[in-house]
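Text of input.pdb (PDB, C-alpha atoms and all ligand atoms) as supplied:
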```
ATOM      1  CA  MET H   1      50.036 171.860  73.277
ATOM      2  CA  SER H   2      53.331 170.611  71.883
ATOM      3  CA  ALA H   3      53.680 167.077  73.254
ATOM      4  CA  SER H   4      51.188 164.427  72.172
ATOM      5  CA  VAL H   5      49.414 162.660  75.038
ATOM      6  CA  GLU H   6      48.909 158.881  74.987
ATOM      7  CA  PHE H   7      45.794 157.757  76.873
ATOM      8  CA  ARG H   8      46.344 154.325  78.448
ATOM      9  CA  ARG H   9      42.810 154.256  79.855
ATOM     10  CA  THR H  10      39.778 153.389  77.766
ATOM     11  CA  THR H  11      38.463 156.667  76.396
ATOM     12  CA  VAL H  12      35.001 158.120  75.942
ATOM     13  CA  PRO H  13      35.220 157.950  72.110
ATOM     14  CA  GLU H  14      36.207 154.253  72.399
ATOM     15  CA  ILE H  15      33.106 153.522  74.494
ATOM     16  CA  ARG H  16      30.957 155.623  72.175
ATOM     17  CA  ALA H  17      32.283 153.684  69.165
ATOM     18  CA  ARG H  18      31.094 150.387  70.679
ATOM     19  CA  LYS H  19      27.476 151.227  69.748
ATOM     20  CA  GLY H  20      26.045 148.087  68.129
ATOM     21  CA  GLY H  21      29.357 146.218  68.548
ATOM     22  CA  THR H  22      30.837 143.932  71.196
ATOM     23  CA  PRO H  23      28.850 144.534  74.392
ATOM     24  CA  ILE H  24      30.438 146.952  76.861
ATOM     25  CA  VAL H  25      31.295 145.312  80.192
ATOM     26  CA  CYS H  26      30.583 147.564  83.183
ATOM     27  CA  LEU H  27      30.479 147.079  86.950
ATOM     28  CA  THR H  28      30.135 149.387  89.902
ATOM     29  CA  CYS H  29      33.184 149.708  92.126
ATOM     30  CA  TYR H  30      33.813 151.623  95.331
ATOM     31  CA  HIS H  31      37.288 150.697  96.521
ATOM     32  CA  ALA H  32      40.883 150.156  95.490
ATOM     33  CA  HIS H  33      41.411 146.392  95.933
ATOM     34  CA  THR H  34      38.328 145.475  93.935
ATOM     35  CA  ALA H  35      39.131 148.114  91.290
ATOM     36  CA  ARG H  36      42.478 146.366  90.729
ATOM     37  CA  LEU H  37      40.734 142.981  90.350
ATOM     38  CA  LEU H  38      37.987 144.216  88.019
ATOM     39  CA  ASP H  39      40.198 146.436  85.879
ATOM     40  CA  LYS H  40      41.456 143.562  83.666
ATOM     41  CA  TYR H  41      37.991 142.470  82.619
ATOM     42  CA  VAL H  42      35.732 145.503  82.477
ATOM     43  CA  ASP H  43      35.587 148.413  80.056
ATOM     44  CA  LEU H  44      33.930 150.836  82.444
ATOM     45  CA  LEU H  45      33.876 151.134  86.237
ATOM     46  CA  LEU H  46      31.087 153.183  87.752
ATOM     47  CA  VAL H  47      31.584 154.694  91.179
ATOM     48  CA  GLY H  48      27.834 154.681  91.699
ATOM     49  CA  ASP H  49      25.946 156.513  94.411
ATOM     50  CA  SER H  50      24.553 153.075  95.289
ATOM     51  CA  LEU H  51      27.635 153.079  97.530
ATOM     52  CA  GLY H  52      25.457 154.875 100.073
ATOM     53  CA  MET H  53      23.296 151.764 100.363
ATOM     54  CA  VAL H  54      25.952 149.103  99.720
ATOM     55  CA  MET H  55      28.911 150.505 101.684
ATOM     56  CA  HIS H  56      27.179 152.721 104.222
ATOM     57  CA  GLY H  57      23.882 150.922 104.886
ATOM     58  CA  MET H  58      21.631 153.834 103.857
ATOM     59  CA  GLU H  59      18.031 153.094 102.840
ATOM     60  CA  THR H  60      18.257 155.190  99.675
ATOM     61  CA  THR H  61      20.976 157.033  97.739
ATOM     62  CA  LEU H  62      19.686 160.453  98.803
ATOM     63  CA  GLY H  63      22.079 160.875 101.733
ATOM     64  CA  VAL H  64      25.189 160.462  99.597
ATOM     65  CA  THR H  65      27.359 163.595  99.395
ATOM     66  CA  LEU H  66      29.871 164.880  96.883
ATOM     67  CA  ASP H  67      32.659 164.322  99.437
ATOM     68  CA  MET H  68      31.673 160.658  99.784
ATOM     69  CA  MET H  69      31.712 160.211  95.997
ATOM     70  CA  ILE H  70      35.119 161.864  95.750
ATOM     71  CA  LEU H  71      36.601 159.728  98.543
ATOM     72  CA  HIS H  72      35.508 156.450  96.927
ATOM     73  CA  ALA H  73      36.375 157.625  93.404
ATOM     74  CA  LYS H  74      39.947 158.422  94.474
ATOM     75  CA  ALA H  75      40.283 154.892  95.840
ATOM     76  CA  VAL H  76      38.965 153.369  92.597
ATOM     77  CA  MET H  77      41.273 155.530  90.494
ATOM     78  CA  ARG H  78      44.253 154.283  92.532
ATOM     79  CA  GLY H  79      43.245 150.658  91.849
ATOM     80  CA  ALA H  80      42.273 150.828  88.171
ATOM     81  CA  SER H  81      44.533 151.876  85.327
ATOM     82  CA  ARG H  82      42.766 150.538  82.238
ATOM     83  CA  ALA H  83      38.988 150.907  82.611
ATOM     84  CA  LEU H  84      37.186 154.178  82.025
ATOM     85  CA  VAL H  85      36.021 155.443  85.420
ATOM     86  CA  VAL H  86      32.671 157.251  85.651
ATOM     87  CA  VAL H  87      31.548 158.887  88.899
ATOM     88  CA  ASP H  88      27.915 159.448  89.879
ATOM     89  CA  MET H  89      26.839 162.995  90.682
ATOM     90  CA  PRO H  90      24.910 162.580  93.945
ATOM     91  CA  PHE H  91      21.476 163.960  94.722
ATOM     92  CA  GLY H  92      21.551 167.745  95.157
ATOM     93  CA  SER H  93      24.815 168.312  93.282
ATOM     94  CA  TYR H  94      23.535 169.012  89.752
ATOM     95  CA  GLU H  95      19.764 169.609  89.618
ATOM     96  CA  GLU H  96      19.681 173.291  90.623
ATOM     97  CA  SER H  97      21.373 174.757  87.574
ATOM     98  CA  PRO H  98      23.816 173.791  84.817
ATOM     99  CA  GLU H  99      26.364 176.196  86.352
ATOM    100  CA  ILE H 100      26.268 174.491  89.760
ATOM    101  CA  ALA H 101      26.391 171.100  88.035
ATOM    102  CA  PHE H 102      29.502 172.234  86.143
ATOM    103  CA  ARG H 103      31.258 173.464  89.280
ATOM    104  CA  ASN H 104      30.577 170.206  91.143
ATOM    105  CA  ALA H 105      31.374 167.923  88.199
ATOM    106  CA  ALA H 106      34.623 169.808  87.530
ATOM    107  CA  ARG H 107      35.550 169.336  91.202
ATOM    108  CA  VAL H 108      34.897 165.591  90.902
ATOM    109  CA  MET H 109      37.099 165.348  87.807
ATOM    110  CA  GLN H 110      39.897 167.520  89.204
ATOM    111  CA  GLU H 111      40.068 165.855  92.616
ATOM    112  CA  THR H 112      39.706 162.247  91.454
ATOM    113  CA  GLY H 113      41.153 162.179  87.937
ATOM    114  CA  CYS H 114      38.073 160.300  86.660
ATOM    115  CA  THR H 115      37.083 160.640  83.011
ATOM    116  CA  ALA H 116      33.341 161.245  83.183
ATOM    117  CA  VAL H 117      30.324 161.768  85.417
ATOM    118  CA  LYS H 118      26.830 160.280  85.445
ATOM    119  CA  VAL H 119      23.597 162.165  86.083
ATOM    120  CA  GLU H 120      20.080 160.821  86.460
ATOM    121  CA  GLY H 121      17.130 162.080  84.434
ATOM    122  CA  GLY H 122      16.038 162.364  80.812
ATOM    123  CA  ALA H 123      14.502 165.433  79.186
ATOM    124  CA  ARG H 124      14.605 167.359  82.485
ATOM    125  CA  THR H 125      18.422 166.928  82.655
ATOM    126  CA  ALA H 126      19.170 167.504  78.955
ATOM    127  CA  ALA H 127      20.122 171.195  79.313
ATOM    128  CA  THR H 128      22.626 170.310  82.035
ATOM    129  CA  ILE H 129      24.121 167.474  79.967
ATOM    130  CA  LYS H 130      24.557 169.884  77.033
ATOM    131  CA  TYR H 131      26.156 172.523  79.264
ATOM    132  CA  LEU H 132      28.634 170.038  80.757
ATOM    133  CA  THR H 133      29.653 168.308  77.513
ATOM    134  CA  GLU H 134      30.157 171.633  75.723
ATOM    135  CA  ARG H 135      32.599 172.558  78.514
ATOM    136  CA  GLY H 136      34.676 169.376  78.496
ATOM    137  CA  ILE H 137      32.851 167.116  80.920
ATOM    138  CA  PRO H 138      31.762 163.796  79.377
ATOM    139  CA  VAL H 139      28.372 162.713  80.696
ATOM    140  CA  MET H 140      26.730 159.348  80.995
ATOM    141  CA  ALA H 141      22.959 159.670  81.432
ATOM    142  CA  HIS H 142      20.640 157.399  83.430
ATOM    143  CA  ILE H 143      16.950 156.924  82.647
ATOM    144  CA  GLY H 144      14.120 154.520  83.525
ATOM    145  CA  LEU H 145      14.213 153.704  87.230
ATOM    146  CA  THR H 146      16.145 156.638  88.673
ATOM    147  CA  PRO H 147      16.825 155.950  92.376
ATOM    148  CA  GLN H 148      17.283 159.644  93.265
ATOM    149  CA  MET H 149      13.534 160.144  92.504
ATOM    150  CA  VAL H 150      12.488 157.420  94.936
ATOM    151  CA  GLN H 151      10.627 159.802  97.271
ATOM    152  CA  ILE H 152       8.496 161.051  94.339
ATOM    153  CA  THR H 153       7.843 157.609  92.837
ATOM    154  CA  GLY H 154       7.286 155.967  96.237
ATOM    155  CA  GLY H 155       9.744 153.130  95.680
ATOM    156  CA  PHE H 156      12.204 151.484  93.296
ATOM    157  CA  LYS H 157       9.645 150.879  90.533
ATOM    158  CA  THR H 158      10.249 149.317  87.113
ATOM    159  CA  LYS H 159       9.394 151.582  84.173
ATOM    160  CA  GLY H 160       7.645 150.971  80.855
ATOM    161  CA  ARG H 161       5.605 147.863  81.681
ATOM    162  CA  ASP H 162       2.523 149.873  80.757
ATOM    163  CA  PRO H 163       2.726 151.054  77.102
ATOM    164  CA  SER H 164       1.291 154.449  78.094
ATOM    165  CA  GLU H 165       4.695 155.196  79.717
ATOM    166  CA  TRP H 166       6.671 154.560  76.517
ATOM    167  CA  PRO H 167       6.454 157.952  74.757
ATOM    168  CA  ALA H 168       7.896 159.892  77.720
ATOM    169  CA  LEU H 169      10.728 157.383  78.202
ATOM    170  CA  GLU H 170      11.546 157.411  74.476
ATOM    171  CA  GLU H 171      11.545 161.193  74.581
ATOM    172  CA  ASP H 172      13.969 161.046  77.546
ATOM    173  CA  ALA H 173      16.345 158.817  75.583
ATOM    174  CA  LYS H 174      16.247 161.069  72.533
ATOM    175  CA  ALA H 175      16.716 164.238  74.608
ATOM    176  CA  ILE H 176      19.853 163.030  76.399
ATOM    177  CA  ALA H 177      21.382 161.669  73.172
ATOM    178  CA  ASP H 178      20.707 165.001  71.425
ATOM    179  CA  ALA H 179      22.222 166.827  74.413
ATOM    180  CA  GLY H 180      25.552 165.025  73.950
ATOM    181  CA  ALA H 181      25.599 162.202  76.520
ATOM    182  CA  PHE H 182      28.167 159.590  75.398
ATOM    183  CA  ALA H 183      26.154 156.657  76.815
ATOM    184  CA  VAL H 184      23.026 156.046  78.865
ATOM    185  CA  VAL H 185      22.158 153.613  81.634
ATOM    186  CA  LEU H 186      18.700 152.069  81.200
ATOM    187  CA  GLU H 187      17.682 150.843  84.653
ATOM    188  CA  GLY H 188      14.635 148.779  85.632
ATOM    189  CA  MET H 189      12.887 149.047  82.275
ATOM    190  CA  ALA H 190      10.507 146.643  80.488
ATOM    191  CA  GLU H 191      12.596 144.603  78.059
ATOM    192  CA  PRO H 192      10.781 145.499  74.806
ATOM    193  CA  LEU H 193      11.099 149.215  75.537
ATOM    194  CA  ALA H 194      14.807 148.928  76.436
ATOM    195  CA  SER H 195      15.400 147.055  73.196
ATOM    196  CA  ARG H 196      13.449 149.638  71.194
ATOM    197  CA  ILE H 197      15.366 152.554  72.749
ATOM    198  CA  THR H 198      18.682 150.767  72.117
ATOM    199  CA  HIS H 199      17.862 150.485  68.422
ATOM    200  CA  SER H 200      16.579 154.052  68.112
ATOM    201  CA  ILE H 201      19.354 156.207  69.627
ATOM    202  CA  PRO H 202      22.914 156.680  68.338
ATOM    203  CA  ILE H 203      24.709 156.263  71.712
ATOM    204  CA  PRO H 204      25.407 153.051  73.643
ATOM    205  CA  THR H 205      22.779 151.902  76.113
ATOM    206  CA  ILE H 206      24.011 150.162  79.264
ATOM    207  CA  GLY H 207      21.350 147.913  80.753
ATOM    208  CA  ILE H 208      20.628 146.999  84.362
ATOM    209  CA  GLY H 209      17.348 145.144  84.572
ATOM    210  CA  ALA H 210      16.720 146.168  80.959
ATOM    211  CA  SER H 211      17.524 144.019  77.888
ATOM    212  CA  PRO H 212      20.197 141.694  76.470
ATOM    213  CA  GLU H 213      19.912 143.889  73.351
ATOM    214  CA  CYS H 214      21.529 146.810  75.192
ATOM    215  CA  ASP H 215      24.997 147.821  74.000
ATOM    216  CA  GLY H 216      26.453 146.934  77.398
ATOM    217  CA  GLN H 217      25.482 145.662  80.828
ATOM    218  CA  ILE H 218      26.170 146.857  84.349
ATOM    219  CA  LEU H 219      25.567 145.301  87.761
ATOM    220  CA  VAL H 220      26.400 146.364  91.267
ATOM    221  CA  MET H 221      29.520 144.301  92.030
ATOM    222  CA  GLU H 222      28.379 143.260  95.508
ATOM    223  CA  ASP H 223      25.091 141.964  94.030
ATOM    224  CA  MET H 224      26.761 139.768  91.404
ATOM    225  CA  LEU H 225      29.221 138.431  93.983
ATOM    226  CA  GLY H 226      26.387 137.287  96.249
ATOM    227  CA  LEU H 227      26.834 139.776  99.077
ATOM    228  CA  ASN H 228      23.286 141.139  98.913
ATOM    229  CA  PRO H 229      20.889 139.003 100.979
ATOM    230  CA  LYS H 230      17.926 140.224  98.881
ATOM    231  CA  PRO H 231      19.179 140.806  95.323
ATOM    232  CA  PRO H 232      16.741 142.234  92.744
ATOM    233  CA  ARG H 233      15.361 139.926  90.030
ATOM    234  CA  PHE H 234      17.749 141.285  87.400
ATOM    235  CA  VAL H 235      20.871 140.153  89.283
ATOM    236  CA  ARG H 236      22.704 136.982  88.311
ATOM    237  CA  GLU H 237      24.976 135.846  91.156
ATOM    238  CA  TYR H 238      28.360 134.708  89.820
ATOM    239  CA  ALA H 239      29.649 133.885  93.314
ATOM    240  CA  HIS H 240      28.204 133.435  96.797
ATOM    241  CA  LEU H 241      30.682 135.414  98.829
ATOM    242  CA  GLY H 242      28.150 136.199 101.555
ATOM    243  CA  GLY H 243      28.089 132.523 102.606
ATOM    244  CA  GLU H 244      31.855 132.146 102.141
ATOM    245  CA  ILE H 245      32.600 135.167 104.311
ATOM    246  CA  GLU H 246      30.329 133.856 107.034
ATOM    247  CA  GLU H 247      32.021 130.434 106.976
ATOM    248  CA  ALA H 248      35.466 132.048 107.073
ATOM    249  CA  VAL H 249      34.585 134.292 110.010
ATOM    250  CA  LYS H 250      33.012 131.357 111.866
ATOM    251  CA  ALA H 251      36.241 129.326 111.431
ATOM    252  CA  TYR H 252      38.365 132.295 112.545
ATOM    253  CA  ALA H 253      36.245 132.823 115.671
ATOM    254  CA  ALA H 254      36.581 129.126 116.563
ATOM    255  CA  ASP H 255      40.386 129.229 116.025
ATOM    256  CA  VAL H 256      40.788 132.339 118.193
ATOM    257  CA  LYS H 257      38.744 130.812 121.012
ATOM    258  CA  SER H 258      40.633 127.487 120.889
ATOM    259  CA  ARG H 259      44.014 129.311 120.513
ATOM    260  CA  ALA H 260      44.594 127.490 117.197
ATOM    261  CA  PHE H 261      45.241 130.955 115.757
ATOM    262  CA  PRO H 262      47.828 132.420 115.542
ATOM    263  CA  GLY H 263      49.942 129.367 114.637
ATOM    264  CA  ARG H 264      53.765 129.163 114.653
ATOM    265  CA  GLU H 265      53.802 130.437 111.061
ATOM    266  CA  ASN H 266      51.942 133.600 112.103
ATOM    267  CA  ILE H 267      54.233 134.765 114.916
ATOM    268  CA  TYR H 268      57.653 136.439 114.990
ATOM    269  CA  PRO H 269      60.373 134.434 116.760
ATOM    270  CA  MET H 270      63.417 136.136 118.317
ATOM    271  CA  LYS H 271      66.552 136.664 116.188
ATOM    272  CA  LYS H 272      68.849 133.574 116.188
ATOM    273  CA  GLY H 273      71.237 133.659 119.181
ATOM    274  CA  SER H 274      69.219 136.115 121.267
ATOM    275  CA  SER H 275      67.146 135.042 124.201
ATOM    276  CA  GLY H 276      63.668 136.301 124.935
ATOM    277  CA  GLY H 277      63.026 138.681 127.868
TER     278      GLY H 277
HETATM  279  O1  LIG L   1      24.647 153.911  91.574
HETATM  280  C1  LIG L   1      24.652 152.894  90.858
HETATM  281  O2  LIG L   1      25.133 151.825  91.241
HETATM  282  C2  LIG L   1      24.059 152.999  89.531
HETATM  283  C3  LIG L   1      23.912 151.725  88.751
HETATM  284  C4  LIG L   1      22.737 151.002  89.249
HETATM  285  C5  LIG L   1      23.829 151.965  87.305
HETATM  286  O3  LIG L   1      23.687 154.047  89.128
END
```
Will you turn the file into structure tokens for me?
Amino acid sequence: MSASVEFRRTTVPEIRARKGGTPIVCLTCYHAHTARLLDKYVDLLLVGDSLGMVMHGMETTLGVTLDMMILHAKAVMRGASRALVVVDMPFGSYEESPEIAFRNAARVMQETGCTAVKVEGGARTAATIKYLTERGIPVMAHIGLTPQMVQITGGFKTKGRDPSEWPALEEDAKAIADAGAFAVVLEGMAEPLASRITHSIPIPTIGIGASPECDGQILVMEDMLGLNPKPPRFVREYAHLGGEIEEAVKAYAADVKSRAFPGRENIYPMKKGSSGG
């Protein structure tokens, strides 16, 4: 290539280099307006498959399709110009073989312009992570509570609270780091284990219900804004938009019924000098 290319978005090596440094700020995001608002303050936006539950009211993430991920990722890419955008590979799009995972992940990158994808699973996903990264697809891994396994585990269950679970989870972390993942989400994991993993692998850990020691933190945006009526324990609500939206809609309904809305400032008068028909 003759011309040099300037990346204006945060890059994978920049995120990777934050290991042990200033914590990496991450949030999920599913649409353009919010992407534009978050872009100034976050390093990484995840178009997570949690959008199936948050945006579409599904009970689990299992019904989310590649087309749904691509649709929302395109919207986020239009809104954000600075943050690194990672897109979740949905259930059924990467588990069968590394080749199928490559084809689907390449489609996600080509159609959305995102920088990286995320896959769930530790040691069992390592071969796929290696295959993708060796072929130009940066991968963020996701271990601990992995929502796509919910039908096997029988619920969204925290991992590592019993020390007998530690060796397998530590092996997962090592396997995905060795395979070339540039970062890993640690979800729903006992704090001492999340801290131990963070200090034992060379790639950034991004915690959600994990540990303040992680190299970064992520939350589902709607949870931290107070839109989830039953947020998990690990959520801190920075706003209470659920209540505010309800109050706003209540006021609007009252104004419509009393004809207080629309007001003079909300209607279009005729041009000066013309009379209405
Ligand atoms: O889909 C999602 O929102 C996620 C986060 C919980 C990390 O994977």
Would you pick out the contacts of H:Ala17 at 10 Å or less, using only C-alpha atoms, so that residues sharing its chain but fewer than 6 positions from it are not included, and give the list as a PyMOL selection string? chain H and resi 11+182+202-204
For the provided coordinates, the residues matched by the PyMOL selection byres (((not hetatm)) within 10 of (chain L and resi 1)) should be stated as number ranges by chain. H: 26-30, 46-54, 61, 87-90, 118-120, 141-143, 145-148, 184-188, 206-209, 217-221
Would you kindly return, as a PyMOL selection string, each protein, DNA or RNA residue with an atom no farther than 10 Å from any atom of H:Arg36, considering all atoms listed in the file and excluding same-chain residues fewer than 6 positions away? chain H and resi 29+76-83
Closest to H:Ile201 among H:Tyr94, H:Arg16, H:Ala32, H:Arg8, using only C-alpha atoms?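 Closest residue, counting only C-alpha atoms: H:Arg16.
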Mind giving me the straight-line distance from atom CA of H:Leu227 to atom CA of H:Ala239 in Å, one decimal? 8.7 Å
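Checking H:Trp166, H:Tyr131, H:Phe156, H:Tyr252 one by one against H:Thr60, counting all atoms listed in the file, you find the shortest gap at H:Phe156.
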To one decimal place in Å, what is the distance between atom CA of H:Ala73 and atom CA of H:Gly180?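 Value for the atom CA of H:Ala73-atom CA of H:Gly180 distance: 23.5 Å.
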Please return as a list in words every residue within 8 Å of (31.2, 163.1, 90.0), taking into account all atoms listed in the file and the file's own coordinates.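 Using all atoms listed in the file, the matching residues come out as Leu66, Met69, Ile70, Val86, Val87, Asp88, Met89, Pro90, Asn104, Ala105, Ala106, Arg107, Val108, Met109, Ala116, Val117 and Lys118 of chain H.
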Separation of atom CA of H:Ala173 from atom CA of H:Gly144, in Å and rounded to one decimal: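 The value is 9.3 Å.
Of the residues listed (H:Lys159, H:Arg18, H:Arg124, H:Arg233), H:Arg124 shows the shortest atom-to-atom separation from H:Glu95; distances use all atoms listed in the file.
Of the residues listed (H:Lys19, H:Arg161, H:His33, H:Lys250), H:Lys19 shows the shortest atom-to-atom separation from H:Asp215; distances use all atoms listed in the file.
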Using all atoms listed in the file, which residues sit within 10 Å of H:Asp223 once same-chain residues fewer than 3 positions away are excluded, as a PyMOL selection string? chain H and resi 28+54+219-220+226-232+234-242
Spatial neighbours of H:Gly216, 6 Å, all atoms listed in the file, chain gap at least 5 places, as a count of residues only: 4
Have a look at H:His31, H:Glu244, H:Met149, H:Met140 and name the one nearest to H:Gly92; count all atoms listed in the file. H:Met149
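Closest approach to H:Val150 from the set H:Phe102, H:Phe91, H:Leu225, H:Arg9 is made by H:Phe91, with distances taken over only C-alpha atoms.
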Where is the centre and how long are the edges: axis-aligned box on stretch 219-234 of chain H, 6 Å on each side, Å to one decimal, as AutoDock Vina command-line options:
```
--center_x 22.4 --center_y 141.8 --center_z 94.2 --size_x 26.2 --size_y 21.1 --size_z 25.6
```
List every protein, DNA or RNA residue with an atom no more than 12 Å from (25.5, 169.3, 77.5) in the file's coordinates, counting all atoms listed in the file, and format the result as a ChimeraX atom specification. /H:98-99,101-102,117,119,123,125-141,175-182
